[in-house]
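For reference, protein32.txt is printed below; it contains compact mmCIF, C-alpha atoms.
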# COMPACT_ATOMS: atom_id res chain seq x y z
CA MET H 1 23.74 -11.99 94.87
CA THR H 2 23.50 -15.35 96.69
CA ALA H 3 25.32 -18.48 95.62
CA GLY H 4 22.06 -20.18 94.56
CA ALA H 5 21.15 -17.25 92.34
CA SER H 6 24.65 -17.26 90.85
CA ALA H 7 24.33 -20.95 90.09
CA GLY H 8 20.96 -20.36 88.41
CA VAL H 9 22.43 -17.69 86.16
CA GLU H 10 25.40 -19.83 85.22
CA SER H 11 23.18 -22.77 84.31
CA THR H 12 21.30 -20.72 81.69
CA ALA H 13 24.43 -19.62 79.77
CA PRO H 14 25.00 -21.46 76.42
CA VAL H 15 27.83 -23.99 76.60
CA SER H 16 29.84 -25.22 73.61
CA ALA H 17 32.51 -27.87 73.25
CA ASP H 18 35.17 -25.24 73.97
CA GLY H 19 33.46 -23.85 77.05
CA PRO H 20 30.80 -21.27 77.89
CA VAL H 21 29.48 -19.11 75.04
CA SER H 22 28.35 -15.53 75.52
CA ALA H 23 24.76 -14.49 74.76
CA GLY H 24 25.84 -12.61 71.64
CA GLN H 25 27.74 -15.59 70.31
CA GLY H 26 24.78 -17.89 71.00
CA SER H 27 22.32 -15.74 69.07
CA GLY H 28 24.82 -15.44 66.21
CA SER H 29 25.18 -19.22 65.98
CA GLN H 30 21.40 -19.58 65.95
CA VAL H 31 21.23 -17.16 63.03
CA ARG H 32 23.94 -19.07 61.20
CA ARG H 33 22.11 -22.37 61.76
CA ARG H 34 18.82 -21.03 60.38
CA ARG H 35 17.56 -23.13 57.51
CA ARG H 36 16.74 -21.69 54.12
CA LEU H 37 13.18 -22.68 53.32
CA SER H 38 12.73 -20.74 50.09
CA PRO H 39 13.29 -22.56 46.76
CA GLY H 40 16.15 -20.18 45.92
CA LYS H 41 16.89 -18.38 42.68
CA ARG H 42 15.17 -19.41 39.47
CA LEU H 43 17.20 -21.71 37.23
CA PRO H 44 17.93 -20.42 33.72
CA ALA H 45 15.67 -21.99 31.09
CA ALA H 46 13.96 -24.01 33.82
CA PRO H 47 10.91 -25.05 31.71
CA LEU H 48 13.23 -26.69 29.16
CA VAL H 49 15.13 -28.90 31.61
CA GLY H 50 12.40 -31.54 31.91
CA PRO H 51 11.67 -31.88 28.17
CA ALA H 52 15.42 -31.98 27.42
CA LEU H 53 15.84 -34.82 29.90
CA VAL H 54 12.96 -36.75 28.32
CA ILE H 55 14.47 -36.33 24.84
CA ALA H 56 17.89 -37.42 26.13
CA LEU H 57 16.43 -40.59 27.68
CA TRP H 58 14.45 -41.24 24.49
CA ALA H 59 17.60 -40.89 22.36
CA ALA H 60 19.65 -43.09 24.71
CA ALA H 61 17.02 -45.84 24.72
CA SER H 62 16.76 -45.71 20.91
CA ALA H 63 20.53 -45.86 20.45
CA ALA H 64 20.74 -48.82 22.83
CA GLY H 65 18.05 -50.69 20.90
CA ARG H 66 15.60 -50.72 23.82
CA LEU H 67 12.76 -49.25 21.75
CA ASP H 68 11.01 -50.83 18.76
CA PRO H 69 11.64 -48.45 15.81
CA ALA H 70 8.31 -49.38 14.27
CA ALA H 71 6.42 -48.31 17.41
CA ILE H 72 8.61 -45.50 18.77
CA PRO H 73 11.09 -44.18 16.19
CA ALA H 74 14.28 -42.52 17.30
CA PRO H 75 14.35 -38.74 17.77
CA TRP H 76 16.55 -38.26 14.70
CA THR H 77 14.08 -40.26 12.59
CA VAL H 78 11.23 -38.05 13.77
CA LEU H 79 13.33 -34.97 12.99
CA LYS H 80 14.04 -36.20 9.46
CA THR H 81 10.35 -36.89 8.90
CA GLY H 82 9.45 -33.40 10.13
CA VAL H 83 11.97 -31.79 7.80
CA ARG H 84 10.64 -33.84 4.87
CA LEU H 85 7.04 -32.86 5.59
CA TRP H 86 8.06 -29.23 5.90
CA THR H 87 9.94 -29.17 2.60
CA GLU H 88 7.02 -30.88 0.86
CA GLY H 89 4.73 -28.08 2.07
CA THR H 90 2.35 -30.37 3.95
CA LEU H 91 3.38 -29.42 7.48
CA PRO H 92 3.25 -25.59 7.17
CA ALA H 93 -0.32 -25.66 5.83
CA ASP H 94 -1.48 -28.05 8.57
CA ILE H 95 0.20 -25.98 11.29
CA LEU H 96 -1.41 -22.79 10.01
CA THR H 97 -4.85 -24.41 9.97
CA SER H 98 -4.45 -25.77 13.52
CA VAL H 99 -3.20 -22.45 14.89
CA ARG H 100 -6.12 -20.62 13.28
CA ARG H 101 -8.65 -23.00 14.83
CA ALA H 102 -7.06 -22.92 18.27
CA ALA H 103 -6.72 -19.12 18.25
CA SER H 104 -10.34 -18.55 17.19
CA GLY H 105 -11.75 -20.88 19.83
CA PHE H 106 -9.41 -19.51 22.49
CA ALA H 107 -10.36 -15.89 21.80
CA ILE H 108 -14.08 -16.66 22.06
CA GLY H 109 -13.62 -18.75 25.21
CA LEU H 110 -11.42 -16.11 26.82
CA ALA H 111 -13.94 -13.32 26.26
CA GLY H 112 -16.84 -15.48 27.41
CA GLY H 113 -15.07 -16.69 30.54
CA ILE H 114 -14.09 -13.18 31.64
CA LEU H 115 -17.52 -11.66 31.02
CA LEU H 116 -19.38 -14.47 32.77
CA ALA H 117 -16.99 -14.42 35.75
CA LEU H 118 -17.40 -10.66 36.18
CA ALA H 119 -21.17 -10.88 35.90
CA ALA H 120 -21.35 -13.72 38.44
CA GLY H 121 -18.70 -12.34 40.78
CA LEU H 122 -19.98 -8.77 41.02
CA SER H 123 -23.71 -9.44 41.22
CA ARG H 124 -25.77 -11.87 43.30
CA VAL H 125 -28.37 -11.99 40.56
CA GLY H 126 -25.68 -12.77 37.99
CA GLU H 127 -24.25 -15.48 40.24
CA ALA H 128 -27.68 -17.08 40.63
CA LEU H 129 -28.23 -17.11 36.88
CA ILE H 130 -24.74 -18.03 35.69
CA ASP H 131 -22.78 -20.04 38.25
CA GLY H 132 -25.10 -23.04 38.43
CA THR H 133 -25.32 -23.24 34.64
CA VAL H 134 -21.55 -23.16 34.26
CA GLN H 135 -21.12 -25.81 36.95
CA LEU H 136 -23.59 -28.00 35.08
CA ASN H 137 -21.69 -27.43 31.85
CA ARG H 138 -18.44 -28.30 33.62
CA ALA H 139 -19.89 -31.62 34.75
CA ILE H 140 -20.62 -32.55 31.12
CA PRO H 141 -17.48 -33.58 29.19
CA ALA H 142 -16.94 -31.01 26.46
CA LEU H 143 -15.97 -33.68 23.95
CA GLY H 144 -19.23 -35.46 24.73
CA LEU H 145 -21.04 -32.49 23.19
CA ILE H 146 -19.51 -33.16 19.77
CA PRO H 147 -22.42 -35.23 18.33
CA LEU H 148 -24.96 -32.61 19.44
CA PHE H 149 -22.92 -29.71 18.09
CA ILE H 150 -22.51 -31.50 14.76
CA LEU H 151 -26.31 -31.71 14.52
CA TRP H 152 -26.65 -28.03 15.42
CA LEU H 153 -23.73 -26.47 13.55
CA GLY H 154 -22.83 -29.00 10.89
CA ILE H 155 -19.52 -30.77 10.36
CA GLY H 156 -17.51 -27.75 9.22
CA GLU H 157 -15.22 -25.43 11.15
CA THR H 158 -17.92 -23.84 13.32
CA PHE H 159 -18.51 -26.76 15.64
CA LYS H 160 -14.76 -27.27 16.16
CA ILE H 161 -14.27 -23.65 17.21
CA ALA H 162 -17.35 -23.83 19.46
CA ILE H 163 -16.06 -26.91 21.30
CA ILE H 164 -12.63 -25.32 21.79
CA ALA H 165 -14.33 -22.18 23.16
CA ILE H 166 -16.22 -24.30 25.71
CA VAL H 167 -13.04 -26.11 26.75
CA VAL H 168 -11.33 -22.73 27.25
CA TYR H 169 -14.00 -20.67 28.98
CA ILE H 170 -14.73 -23.12 31.81
CA PRO H 171 -11.33 -22.98 33.60
CA ILE H 172 -11.07 -19.23 33.01
CA TYR H 173 -14.51 -18.67 34.51
CA LEU H 174 -13.97 -21.00 37.48
CA ASN H 175 -10.63 -19.54 38.54
CA THR H 176 -11.57 -15.92 37.92
CA HIS H 177 -14.87 -16.30 39.75
CA ALA H 178 -13.14 -17.99 42.67
CA ALA H 179 -10.61 -15.15 42.84
CA LEU H 180 -13.40 -12.56 42.80
CA SER H 181 -15.27 -14.39 45.55
CA GLY H 182 -12.09 -14.56 47.61
CA ILE H 183 -11.49 -10.78 47.70
CA ASP H 184 -11.46 -9.61 51.32
CA SER H 185 -14.74 -7.89 52.19
CA ARG H 186 -12.79 -5.29 54.17
CA PHE H 187 -11.47 -3.92 50.87
CA VAL H 188 -15.05 -3.50 49.71
CA GLU H 189 -15.93 -1.66 52.92
CA LEU H 190 -12.86 0.54 52.51
CA ALA H 191 -13.88 1.38 48.94
CA GLU H 192 -17.35 2.34 50.17
CA VAL H 193 -15.90 4.53 52.91
CA GLN H 194 -13.59 6.21 50.39
CA GLY H 195 -16.56 6.86 48.12
CA LEU H 196 -15.13 5.07 45.08
CA SER H 197 -17.30 4.83 42.00
CA ARG H 198 -18.21 1.49 40.47
CA PHE H 199 -15.53 1.88 37.80
CA GLN H 200 -12.89 2.88 40.36
CA PHE H 201 -13.87 -0.06 42.56
CA VAL H 202 -13.47 -2.50 39.67
CA ARG H 203 -10.17 -0.97 38.53
CA GLN H 204 -8.52 -0.59 41.93
CA ILE H 205 -9.95 -3.51 43.92
CA VAL H 206 -11.55 -6.11 41.69
CA VAL H 207 -8.99 -6.35 38.89
CA PRO H 208 -5.86 -6.61 41.11
CA GLY H 209 -7.60 -9.10 43.38
CA ALA H 210 -8.79 -11.32 40.54
CA LEU H 211 -5.65 -11.32 38.39
CA PRO H 212 -3.83 -14.21 40.16
CA GLY H 213 -6.81 -16.54 39.71
CA PHE H 214 -7.39 -15.30 36.19
CA PHE H 215 -3.86 -16.22 35.11
CA VAL H 216 -4.26 -19.72 36.58
CA GLY H 217 -7.40 -20.17 34.50
CA LEU H 218 -5.69 -18.66 31.47
CA ARG H 219 -2.90 -21.23 31.62
CA LEU H 220 -5.42 -24.05 31.88
CA GLY H 221 -7.43 -22.57 29.01
CA VAL H 222 -4.40 -22.30 26.73
CA THR H 223 -3.52 -25.94 27.36
CA GLY H 224 -7.15 -26.98 26.94
CA SER H 225 -7.39 -25.37 23.51
CA TRP H 226 -4.60 -27.60 22.21
CA LEU H 227 -5.98 -30.73 23.92
CA GLY H 228 -9.39 -30.22 22.36
CA LEU H 229 -7.86 -29.52 18.98
CA VAL H 230 -6.12 -32.92 18.91
CA VAL H 231 -9.46 -34.72 19.03
CA LEU H 232 -11.51 -32.31 16.92
CA GLU H 233 -9.13 -32.36 13.98
CA GLN H 234 -9.66 -36.09 13.61
CA ILE H 235 -13.40 -35.63 12.99
CA ASN H 236 -14.30 -34.91 9.38
CA ALA H 237 -11.27 -32.69 8.82
CA THR H 238 -9.28 -32.33 5.62
CA SER H 239 -6.33 -30.41 7.07
CA GLY H 240 -4.61 -29.73 10.36
CA LEU H 241 -2.16 -31.58 12.56
CA GLY H 242 -4.86 -33.90 13.91
CA TYR H 243 -5.87 -34.83 10.36
CA LEU H 244 -2.21 -35.47 9.52
CA MET H 245 -1.88 -37.79 12.51
CA PHE H 246 -5.15 -39.59 11.70
CA GLN H 247 -3.99 -40.28 8.15
CA ALA H 248 -0.63 -41.49 9.45
CA GLN H 249 -2.43 -43.90 11.78
CA ASN H 250 -4.23 -45.48 8.83
CA TYR H 251 -0.89 -46.11 7.10
CA GLY H 252 1.04 -47.12 10.23
CA GLN H 253 3.39 -44.12 10.05
CA SER H 254 4.35 -43.73 13.71
CA ASP H 255 7.08 -41.21 12.87
CA VAL H 256 4.49 -38.84 11.38
CA ILE H 257 2.28 -39.27 14.46
CA LEU H 258 5.20 -38.36 16.71
CA VAL H 259 5.91 -35.31 14.56
CA GLY H 260 2.38 -34.09 15.23
CA LEU H 261 2.61 -34.85 18.95
CA VAL H 262 5.94 -33.03 19.25
CA ILE H 263 4.52 -29.95 17.49
CA TYR H 264 1.46 -29.98 19.76
CA GLY H 265 3.77 -30.22 22.76
CA ILE H 266 5.94 -27.35 21.53
CA PHE H 267 2.91 -25.14 20.96
CA GLY H 268 1.56 -25.96 24.42
CA LEU H 269 4.90 -25.30 26.11
CA VAL H 270 5.51 -22.03 24.26
CA SER H 271 2.00 -20.69 24.90
CA ASP H 272 2.13 -21.65 28.58
CA SER H 273 5.55 -20.05 28.98
CA ALA H 274 4.27 -16.87 27.32
CA VAL H 275 1.35 -16.69 29.76
CA ARG H 276 3.68 -17.25 32.72
CA LEU H 277 5.99 -14.50 31.47
CA ILE H 278 3.08 -12.08 31.16
CA GLU H 279 1.88 -13.12 34.61
CA ARG H 280 5.25 -12.37 36.20
CA ARG H 281 5.37 -8.96 34.53
CA VAL H 282 1.80 -7.99 35.42
CA LEU H 283 1.99 -9.33 38.98
CA SER H 284 5.54 -8.16 39.66
CA TRP H 285 4.25 -6.27 42.73
CA ARG H 286 3.58 -9.58 44.52
CA ARG H 287 6.31 -11.16 46.64
CA THR H 288 5.81 -14.89 46.10
CA LEU H 289 7.97 -18.00 45.88
CA SER H 290 7.81 -17.92 42.07
CA ASN H 291 9.41 -14.47 41.78

Same coordinates, now as structure tokens:
Amino acid sequence: MTAGASAGVESTAPVSADGPVSAGQGSGSQVRRRRRLSPGKRLPAAPLVGPALVIALWAAASAAGRLDPAAIPAPWTVLKTGVRLWTEGTLPADILTSVRRAASGFAIGLAGGILLALAAGLSRVGEALIDGTVQLNRAIPALGLIPLFILWLGIGETFKIAIIAIVVYIPIYLNTHAALSGIDSRFVELAEVQGLSRFQFVRQIVVPGALPGFFVGLRLGVTGSWLGLVVLEQINATSGLGYLMFQAQNYGQSDVILVGLVIYGIFGLVSDSAVRLIERRVLSWRRTLSN
């Protein structure tokens, strides 16, 4: 080998502060310097960290006198009010009424969203008939339909459940339909080559492909059922958490209003966490950042 070639080889060898480094050592140092881009392991009780921090800041500001007790009572005042309402029997009845309304509307909206998404996602005729109508319904605020639904269904429980069902079915339909439309067409061609029946195609291709989008819509639907309930229970209602808060507003009882808001928040957090737990179990076969 000539001197020029030897010099070229020496110039490509890695050099450290202590002198030349062999090729094996250089690759090892590159591996050691590789950055970790993943979020890492899940923190225990991660969904509770944020709410706990908010409560801690709320308590600290109340103890320091930074908050007006008449406008924002301290956490311990809200807790005492909640205990009093519970022992008096007012709170359990209102909670039961609210849960019944939210569950009824959610069940109807869930069934409607799934059926419409399947009909629109698996058939061009169904898509032509359904998708445009749902998009039009989505553009109209669901709470803006309240006066019309009162005229149609009266001022009882029926119109409240119907509005909650509309609030729920729209995100479930949109996300499930988008997931169905996003299934790779090569899987459809493979199913045709394999001679799968319609039922086998739906069970083996459609359902696994649509589940991630469905769970996103389900989480939005669960939250939407509680958001709609807050407003609906203040319209010609005689029971429920929203009615309790509306009555407290008339008497300037901010602690009672905060009790209702805290319970709504707890219900929303618990229901969302339950859906996420089910999602992780059902979609455990996926390797994603969340699991």

For stretch 241-248 of chain H, work out the shell of residues within 10 Å, counting only C-alpha atoms and skipping chain neighbours fewer than 3 positions away, then give it as a PDB file with C-alpha atoms, in the coordinates of the input.
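Wrote out-v4.pdb, looks like this:
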ATOM      1  CA  THR H  90       2.350 -30.370   3.950  1.00  0.00           C
ATOM      2  CA  LEU H  91       3.380 -29.420   7.480  1.00  0.00           C
ATOM      3  CA  PRO H  92       3.250 -25.590   7.170  1.00  0.00           C
ATOM      4  CA  ALA H  93      -0.320 -25.660   5.830  1.00  0.00           C
ATOM      5  CA  ASP H  94      -1.480 -28.050   8.570  1.00  0.00           C
ATOM      6  CA  ILE H  95       0.200 -25.980  11.290  1.00  0.00           C
ATOM      7  CA  LEU H  96      -1.410 -22.790  10.010  1.00  0.00           C
ATOM      8  CA  THR H  97      -4.850 -24.410   9.970  1.00  0.00           C
ATOM      9  CA  SER H  98      -4.450 -25.770  13.520  1.00  0.00           C
ATOM     10  CA  VAL H  99      -3.200 -22.450  14.890  1.00  0.00           C
ATOM     11  CA  LEU H 229      -7.860 -29.520  18.980  1.00  0.00           C
ATOM     12  CA  VAL H 230      -6.120 -32.920  18.910  1.00  0.00           C
ATOM     13  CA  VAL H 231      -9.460 -34.720  19.030  1.00  0.00           C
ATOM     14  CA  LEU H 232     -11.510 -32.310  16.920  1.00  0.00           C
ATOM     15  CA  GLU H 233      -9.130 -32.360  13.980  1.00  0.00           C
ATOM     16  CA  GLN H 234      -9.660 -36.090  13.610  1.00  0.00           C
ATOM     17  CA  ILE H 235     -13.400 -35.630  12.990  1.00  0.00           C
ATOM     18  CA  ASN H 236     -14.300 -34.910   9.380  1.00  0.00           C
ATOM     19  CA  ALA H 237     -11.270 -32.690   8.820  1.00  0.00           C
ATOM     20  CA  THR H 238      -9.280 -32.330   5.620  1.00  0.00           C
ATOM     21  CA  TYR H 251      -0.890 -46.110   7.100  1.00  0.00           C
ATOM     22  CA  GLY H 252       1.040 -47.120  10.230  1.00  0.00           C
ATOM     23  CA  GLN H 253       3.390 -44.120  10.050  1.00  0.00           C
ATOM     24  CA  SER H 254       4.350 -43.730  13.710  1.00  0.00           C
ATOM     25  CA  ASP H 255       7.080 -41.210  12.870  1.00  0.00           C
ATOM     26  CA  VAL H 256       4.490 -38.840  11.380  1.00  0.00           C
ATOM     27  CA  ILE H 257       2.280 -39.270  14.460  1.00  0.00           C
ATOM     28  CA  LEU H 258       5.200 -38.360  16.710  1.00  0.00           C
ATOM     29  CA  VAL H 259       5.910 -35.310  14.560  1.00  0.00           C
ATOM     30  CA  GLY H 260       2.380 -34.090  15.230  1.00  0.00           C
ATOM     31  CA  LEU H 261       2.610 -34.850  18.950  1.00  0.00           C
ATOM     32  CA  ILE H 263       4.520 -29.950  17.490  1.00  0.00           C
ATOM     33  CA  TYR H 264       1.460 -29.980  19.760  1.00  0.00           C
TER      34      TYR H 264
END

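Considering all atoms listed in the file, the residue among H:Leu53, H:Leu174, H:Ile146, H:Ile183 positioned nearest to H:Gly112 is H:Leu174.
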
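You will find atom CA of H:Gly121 at 6.2 Å from atom CA of H:Ser181.
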
Neighbouring residues of H:Ala46 were defined as those with any atom within 12 Å, considering all atoms listed in the file; residues of the same chain fewer than 4 positions away were excluded. Please report them as a VMD selection string. chain H and resid 41 to 42 50 to 53 269 273 290

Excluding H:Ile108 and its own-chain neighbours fewer than 2 positions away, which residues fall within 9 Å of it when counting only C-alpha atoms? Please give them as a VMD selection string. chain H and resid 103 to 106 110 to 113 161 to 162 164 to 166 168 to 169

Atom pair atom CA of H:Gly228 + atom CA of H:Ala139, distance 16.3 Å

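Interatomic distance, atom CA of H:Gly221 against atom CA of H:Ile172: 6.4 Å.
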
Could you write out as lines of an AutoDock Vina configuration file the box around stretch 73-78 of chain H (axis-aligned, all atoms listed in the file, 8 Å on each side), with centre and edge lengths in Å to one decimal?
center_x = 13.8
center_y = -41.1
center_z = 15.2
size_x = 21.5
size_y = 22.1
size_z = 21.2
